[in-house]
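Written out below as structure tokens is the structure these notes cover.
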Amino acid sequence: MPEAGKVQYDSTDITGWPPHSVYNAGLARTFQIPALFTKLTVLENLLVAEKKNPGESFNKALLKRFWVEKEEQAVEKAAKVLSTLGLMQQASTPAHLLSGGQMKLLEIGRALMSDSKLLLLDEPVSGVNPTLAHEIFSRIIRLRDESGVSFLIVEHRLDIAMKYVDHMTAMALGKVIASGDPDEVVGDARVVEAYLGD
């Protein structure tokens, strides 16, 4: 439980909500260190994120007619996500065999399978080489433009992220010190002081 403050999402106070309730409300997240199902394939990692699968009901699981169409739709949806992320050729690859950058993309893909309206990405290019980091951000922009989903990104590699974001907020010691156009935020004297010192 939070010690102070509150979290609002889509005009609703979601402070203290359990993760599954936040997820069901339309908000998904990724982690700085990808938390994948490493023994599952890339495709299977996406399919586990699909919401409301009637085949997961014990009674309906026994009757194929209740879930087969939903399963087919989920696979089609996952194929589109994999194509957009450039991971289609790895669909049957176990997740633990992916590169670090591919794992980051797969985690974004899994969040996309939730049909969330807002995705929180925690350092999506941390530990990724600059070429792949730019590719990841380019794909995020494409996803935003094609699906209408919004992204809230926490990232320390400003040299890369700044080329892709339309709004930036800088924080120091838990407080917002500047917010707005990325170029203005980076040039703000308070930001320079906080991040570069004297």
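Identifiers for the structure tokens are assigned positionally: chains receive A, B, ... in sequence, residues are indexed from 1 per chain, and ligands are indexed from 1 in the order shown.
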For Met162 of chain A, find every residue with an atom within 10 Å (counting only C-alpha atoms), except residues of its own chain fewer than 4 positions away, and show them as an MDAnalysis selection string. chainID A and resid 155 157:158 166:168 181:183 186
Requested write-out: C-alpha atoms of the selected residues, as a tab-separated table (two decimals), in the first residue's frame:
```
chain	number	residue	atom	x	y	z
A	155	GLU	CA	13.79	6.34	-19.26
A	157	ARG	CA	18.77	7.46	-21.78
A	158	LEU	CA	17.61	10.93	-22.74
A	166	ASP	CA	6.29	14.77	-27.26
A	167	HIS	CA	6.18	15.63	-23.55
A	168	MET	CA	8.79	15.23	-20.84
A	181	ASP	CA	8.48	20.35	-24.35
A	182	PRO	CA	11.54	18.03	-24.20
A	183	ASP	CA	14.01	20.66	-25.42
A	186	VAL	CA	16.47	19.58	-20.82
```
Which residues come within 8 Å of segment 33-36 of chain A, counting only C-alpha atoms, excluding same-chain residues fewer than 6 positions away, as a PDB file with N, CA and C atoms, in the first residue's frame?
```
ATOM      1  N   ASN A  45       3.941 -16.457 -24.980  1.00  0.00           N
ATOM      2  CA  ASN A  45       4.046 -15.334 -24.052  1.00  0.00           C
ATOM      3  C   ASN A  45       2.982 -14.279 -24.340  1.00  0.00           C
ATOM      4  N   ALA A  95      11.351 -18.019 -25.226  1.00  0.00           N
ATOM      5  CA  ALA A  95      11.670 -16.629 -24.865  1.00  0.00           C
ATOM      6  C   ALA A  95      13.085 -16.474 -24.325  1.00  0.00           C
ATOM      7  N   MET A 103      13.707  -9.290 -25.982  1.00  0.00           N
ATOM      8  CA  MET A 103      12.915  -9.533 -24.773  1.00  0.00           C
ATOM      9  C   MET A 103      12.124  -8.289 -24.386  1.00  0.00           C
ATOM     10  N   LYS A 104      12.746  -7.119 -24.536  1.00  0.00           N
ATOM     11  CA  LYS A 104      12.044  -5.860 -24.234  1.00  0.00           C
ATOM     12  C   LYS A 104      10.855  -5.693 -25.185  1.00  0.00           C
ATOM     13  N   GLU A 107       8.037  -8.043 -24.234  1.00  0.00           N
ATOM     14  CA  GLU A 107       7.270  -7.596 -23.068  1.00  0.00           C
ATOM     15  C   GLU A 107       6.296  -6.475 -23.453  1.00  0.00           C
TER      16      GLU A 107
END
```
Give me, as an MDAnalysis selection string, the residues of segment 127-172 of chain A that a backbone DSSP run labels strand (DSSP E). chainID A and resid 150:154 168:172
List the spatial neighbours of His156 of chain A as an MDAnalysis selection string - criterion: any atom at most 8 Å away, only C-alpha atoms, same-chain residues fewer than 2 positions off excluded. chainID A and resid 123 126 154 158
Export C-alpha atoms of the chosen residues as a tab-separated table (two decimals), in the first residue's frame?
```
chain	number	residue	atom	x	y	z
A	123	GLU	CA	13.25	1.84	-19.13
A	126	SER	CA	18.01	0.04	-20.69
A	154	VAL	CA	10.39	6.13	-17.59
A	158	LEU	CA	17.61	10.93	-22.74
```
Wanna dump the segment 74-175 of chain A-segment 29-32 of chain A contacts at 12 Å for me, each residue with its shortest atom pair and the distance in Å to one decimal, counting only C-alpha atoms, ordered by chain and number, as CSV?
```
residue,atom,partner,partner_atom,distance
A:Gly100,CA,A:Gln32,CA,10.9
A:Gly101,CA,A:Gln32,CA,11.3
A:Met103,CA,A:Phe31,CA,10.6
A:Lys104,CA,A:Thr30,CA,8.3
A:Leu105,CA,A:Thr30,CA,9.8
A:Leu106,CA,A:Thr30,CA,9.8
A:Glu107,CA,A:Thr30,CA,6.1
A:Ile108,CA,A:Thr30,CA,6.4
A:Gly109,CA,A:Thr30,CA,9.6
A:Arg110,CA,A:Thr30,CA,8.7
A:Ala111,CA,A:Arg29,CA,6.4
A:Leu112,CA,A:Arg29,CA,9.5
A:Met113,CA,A:Arg29,CA,11.6
A:Ser114,CA,A:Arg29,CA,10.1
A:Asp115,CA,A:Arg29,CA,11.9
A:Ser116,CA,A:Arg29,CA,9.4
A:Lys117,CA,A:Arg29,CA,11.1
A:Leu118,CA,A:Arg29,CA,8.4
A:Leu119,CA,A:Arg29,CA,5.4
A:Leu120,CA,A:Arg29,CA,4.4
A:Leu121,CA,A:Thr30,CA,5.0
A:Asp122,CA,A:Gln32,CA,5.0
A:Glu123,CA,A:Gln32,CA,5.2
A:Pro124,CA,A:Gln32,CA,6.4
A:Val125,CA,A:Gln32,CA,8.4
A:Ser126,CA,A:Gln32,CA,6.9
A:Gly127,CA,A:Gln32,CA,9.3
A:Val128,CA,A:Gln32,CA,11.1
A:Ser150,CA,A:Arg29,CA,11.7
A:Phe151,CA,A:Arg29,CA,9.5
A:Leu152,CA,A:Arg29,CA,9.2
A:Ile153,CA,A:Arg29,CA,9.7
A:Val154,CA,A:Gln32,CA,9.3
A:Glu155,CA,A:Gln32,CA,9.4
A:His156,CA,A:Gln32,CA,11.2
```
Fewer than 4 positions away in the same chain doesn't count, so skip those; otherwise give me all residues within 9 Å of Tyr164 of chain A, counting only C-alpha atoms, as a PyMOL selection string. chain A and resi 134+137-138+140-141+160
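Between atom CA of Val81 of chain A and atom CA of Leu143 of chain A the separation is 9.0 Å.
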